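This report refers to the structure that appears directly beneath it.
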Amino acid sequence: MATLLFYFAAVGMLAGAVTVIVAKSPLRSALSLIVTLAFLALLYVLLDAPFVATMQVLVYAGAIMVLFVFIIMLLNLQQGAGGRPAYLSIAKTLGTAASIYVFYAVLRGTGAVSGSTGQPVDGTVRNIGRLLLTQYLFGFEAISILLLVAVVGAVVLGLRKLT
């Protein structure tokens, strides 16, 4: 049963991720990303990490994606709002190149992707909090500042359109 559930979540994640890339509307792309993150939470449940799965749904699929959808609505992006065709987008080109590299590294088995020397961590809430506020404090705060700058930038762009 767990294997069947894993394949269901994997196929759902892949379908959602492909939809994020090929969707013409930014809002449809953001909603597909929410679906992808929900399937990722299901994979965390299968890995016996219920706290991480809950945080995945609450923080990423909930709060951050609501923020993305709010920013898209605030900016009122229309279909075809960009000046250049979608296939020439730099972000899509870089994403495609990174995907090809990861696929090549996994197939070749060079260890560039799968050869990490990660250590198992006790997944209790206390230990995760201790790690976030000691060993990974810089990354935790950097992501917080990045999200704050993104929100402020979206509000400034939205206000410029209104005035």
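If you're wondering about the labels, chains in the structure tokens are A, B, ... by order shown, residues count from 1 in each chain, ligands from 1 in order shown.
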
Can you tell me which residues surround A:Thr19 at a distance of at most 8 Å, considering only C-alpha atoms, apart from same-chain residues fewer than 4 positions away, and format the answer as a CSV table (one decimal) with C-alpha atoms, in the first residue's frame?
chain,number,residue,atom,x,y,z
A,15,ALA,CA,2.2,16.4,-13.1
A,23,ALA,CA,1.0,27.1,-17.6
A,29,SER,CA,1.1,28.2,-12.3
A,32,SER,CA,-0.3,24.1,-9.6

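Comparing the minimum interatomic distances between A:Gly16 and each of A:Leu42, A:Ala30, A:Ala154, A:Val35, counting only C-alpha atoms, we find that A:Val35 sits nearest.
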
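The coordinates place atom CA of A:Val66 at 24.8 Å from atom CA of A:Ile128.
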
Per-residue DSSP, stretch 2-160 of chain A, filtered to alpha helix (DSSP H), as a VMD selection string: chain A and resid 2 to 22 26 to 46 50 to 55 65 to 75 90 to 108 125 to 133 137 to 160

Export of the given selection (C-alpha atoms) as a JSON list (two decimals), in the first residue's frame:
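Heads up, here's the output in result01.json:
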[["chain", "number", "residue", "atom", "x", "y", "z"],
["A", 2, "ALA", "CA", 2.85, 2.38, 0.83],
["A", 3, "THR", "CA", 4.46, 1.72, -2.54],
["A", 4, "LEU", "CA", 1.23, 2.48, -4.37],
["A", 5, "LEU", "CA", 0.80, 5.68, -2.35],
["A", 6, "PHE", "CA", 4.40, 6.67, -3.14],
["A", 7, "TYR", "CA", 3.84, 6.24, -6.88],
["A", 8, "PHE", "CA", 0.59, 8.21, -6.64],
["A", 9, "ALA", "CA", 2.37, 11.08, -4.88],
["A", 10, "ALA", "CA", 5.32, 10.97, -7.28],
["A", 11, "VAL", "CA", 3.11, 11.10, -10.37],
["A", 12, "GLY", "CA", 1.04, 13.88, -8.81],
["A", 13, "MET", "CA", 4.16, 15.89, -8.00],
["A", 14, "LEU", "CA", 5.54, 15.47, -11.51],
["A", 15, "ALA", "CA", 2.24, 16.45, -13.11],
["A", 16, "GLY", "CA", 1.97, 19.51, -10.86],
["A", 17, "ALA", "CA", 5.56, 20.54, -11.53],
["A", 18, "VAL", "CA", 5.15, 20.24, -15.29],
["A", 19, "THR", "CA", 1.95, 22.28, -15.06],
["A", 20, "VAL", "CA", 3.84, 24.98, -13.13],
["A", 21, "ILE", "CA", 6.31, 25.26, -15.98],
["A", 22, "VAL", "CA", 3.95, 25.11, -18.96],
["A", 26, "PRO", "CA", 0.84, 33.00, -13.54],
["A", 27, "LEU", "CA", -2.14, 32.33, -11.29],
["A", 28, "ARG", "CA", -2.65, 28.85, -12.73],
["A", 29, "SER", "CA", 1.07, 28.22, -12.30],
["A", 30, "ALA", "CA", 0.93, 29.26, -8.62],
["A", 31, "LEU", "CA", -2.09, 27.04, -8.00],
["A", 32, "SER", "CA", -0.27, 24.11, -9.61],
["A", 33, "LEU", "CA", 2.66, 24.77, -7.29],
["A", 34, "ILE", "CA", 0.29, 24.43, -4.33],
["A", 35, "VAL", "CA", -0.76, 21.01, -5.64],
["A", 36, "THR", "CA", 2.89, 20.02, -6.05],
["A", 37, "LEU", "CA", 3.69, 21.07, -2.48],
["A", 38, "ALA", "CA", 0.71, 19.13, -1.14],
["A", 39, "PHE", "CA", 1.98, 15.96, -2.82],
["A", 40, "LEU", "CA", 5.40, 16.65, -1.33],
["A", 41, "ALA", "CA", 3.77, 16.73, 2.10],
["A", 42, "LEU", "CA", 2.31, 13.32, 1.34],
["A", 43, "LEU", "CA", 5.81, 12.03, 0.63],
["A", 44, "TYR", "CA", 6.95, 13.39, 3.99],
["A", 45, "VAL", "CA", 4.14, 11.45, 5.66],
["A", 46, "LEU", "CA", 5.37, 8.31, 3.91],
["A", 50, "PRO", "CA", 4.59, 14.10, 10.27],
["A", 51, "PHE", "CA", 5.91, 17.37, 11.70],
["A", 52, "VAL", "CA", 7.73, 18.24, 8.47],
["A", 53, "ALA", "CA", 4.62, 17.30, 6.47],
["A", 54, "THR", "CA", 2.46, 19.53, 8.63],
["A", 55, "MET", "CA", 4.87, 22.44, 8.31],
["A", 65, "MET", "CA", 1.59, 30.29, -1.69],
["A", 66, "VAL", "CA", -1.27, 32.49, -0.49],
["A", 67, "LEU", "CA", 1.28, 35.30, -0.47],
["A", 68, "PHE", "CA", 2.31, 34.43, -4.05],
["A", 69, "VAL", "CA", -1.29, 34.35, -5.22],
["A", 70, "PHE", "CA", -1.93, 37.67, -3.46],
["A", 71, "ILE", "CA", 1.08, 39.24, -5.20],
["A", 72, "ILE", "CA", -0.03, 37.92, -8.58],
["A", 73, "MET", "CA", -3.50, 39.36, -8.01],
["A", 74, "LEU", "CA", -2.00, 42.65, -6.76],
["A", 75, "LEU", "CA", 0.18, 43.03, -9.84],
["A", 90, "ILE", "CA", 15.87, 33.32, -18.87],
["A", 91, "ALA", "CA", 14.36, 31.60, -15.85],
["A", 92, "LYS", "CA", 12.87, 28.81, -17.94],
["A", 93, "THR", "CA", 16.14, 28.37, -19.80],
["A", 94, "LEU", "CA", 18.14, 28.13, -16.58],
["A", 95, "GLY", "CA", 15.57, 25.77, -15.06],
["A", 96, "THR", "CA", 15.71, 23.53, -18.09],
["A", 97, "ALA", "CA", 19.51, 23.47, -17.99],
["A", 98, "ALA", "CA", 19.51, 22.62, -14.28],
["A", 99, "SER", "CA", 16.96, 19.85, -14.84],
["A", 100, "ILE", "CA", 19.04, 18.36, -17.62],
["A", 101, "TYR", "CA", 22.14, 18.45, -15.42],
["A", 102, "VAL", "CA", 20.38, 16.75, -12.49],
["A", 103, "PHE", "CA", 18.91, 14.12, -14.79],
["A", 104, "TYR", "CA", 22.32, 13.47, -16.34],
["A", 105, "ALA", "CA", 24.04, 13.27, -12.94],
["A", 106, "VAL", "CA", 21.47, 10.82, -11.60],
["A", 107, "LEU", "CA", 21.69, 8.61, -14.67],
["A", 108, "ARG", "CA", 25.45, 8.67, -14.70],
["A", 125, "VAL", "CA", 10.00, 19.31, 17.21],
["A", 126, "ARG", "CA", 12.52, 20.18, 19.93],
["A", 127, "ASN", "CA", 15.51, 18.99, 17.89],
["A", 128, "ILE", "CA", 14.30, 20.65, 14.69],
["A", 129, "GLY", "CA", 13.86, 23.93, 16.57],
["A", 130, "ARG", "CA", 17.28, 23.59, 18.16],
["A", 131, "LEU", "CA", 18.90, 22.97, 14.76],
["A", 132, "LEU", "CA", 17.06, 25.89, 13.15],
["A", 133, "LEU", "CA", 18.12, 28.32, 15.87],
["A", 137, "LEU", "CA", 20.27, 30.14, 11.94],
["A", 138, "PHE", "CA", 21.88, 32.09, 9.09],
["A", 139, "GLY", "CA", 19.91, 30.26, 6.38],
["A", 140, "PHE", "CA", 16.70, 30.55, 8.40],
["A", 141, "GLU", "CA", 17.10, 34.31, 8.81],
["A", 142, "ALA", "CA", 18.26, 34.79, 5.20],
["A", 143, "ILE", "CA", 15.07, 33.17, 3.92],
["A", 144, "SER", "CA", 13.01, 35.35, 6.26],
["A", 145, "ILE", "CA", 14.67, 38.51, 4.91],
["A", 146, "LEU", "CA", 14.28, 37.31, 1.32],
["A", 147, "LEU", "CA", 10.53, 36.81, 1.80],
["A", 148, "LEU", "CA", 10.21, 40.21, 3.48],
["A", 149, "VAL", "CA", 12.01, 41.92, 0.59],
["A", 150, "ALA", "CA", 9.76, 40.10, -1.91],
["A", 151, "VAL", "CA", 6.62, 41.30, -0.14],
["A", 152, "VAL", "CA", 7.86, 44.90, 0.09],
["A", 153, "GLY", "CA", 8.88, 44.82, -3.58],
["A", 154, "ALA", "CA", 5.48, 43.52, -4.64],
["A", 155, "VAL", "CA", 3.70, 46.21, -2.65],
["A", 156, "VAL", "CA", 5.92, 48.94, -4.13],
["A", 157, "LEU", "CA", 5.29, 47.63, -7.65],
["A", 158, "GLY", "CA", 1.57, 47.47, -6.94],
["A", 159, "LEU", "CA", 1.51, 51.03, -5.62],
["A", 160, "ARG", "CA", 3.36, 52.34, -8.67]]
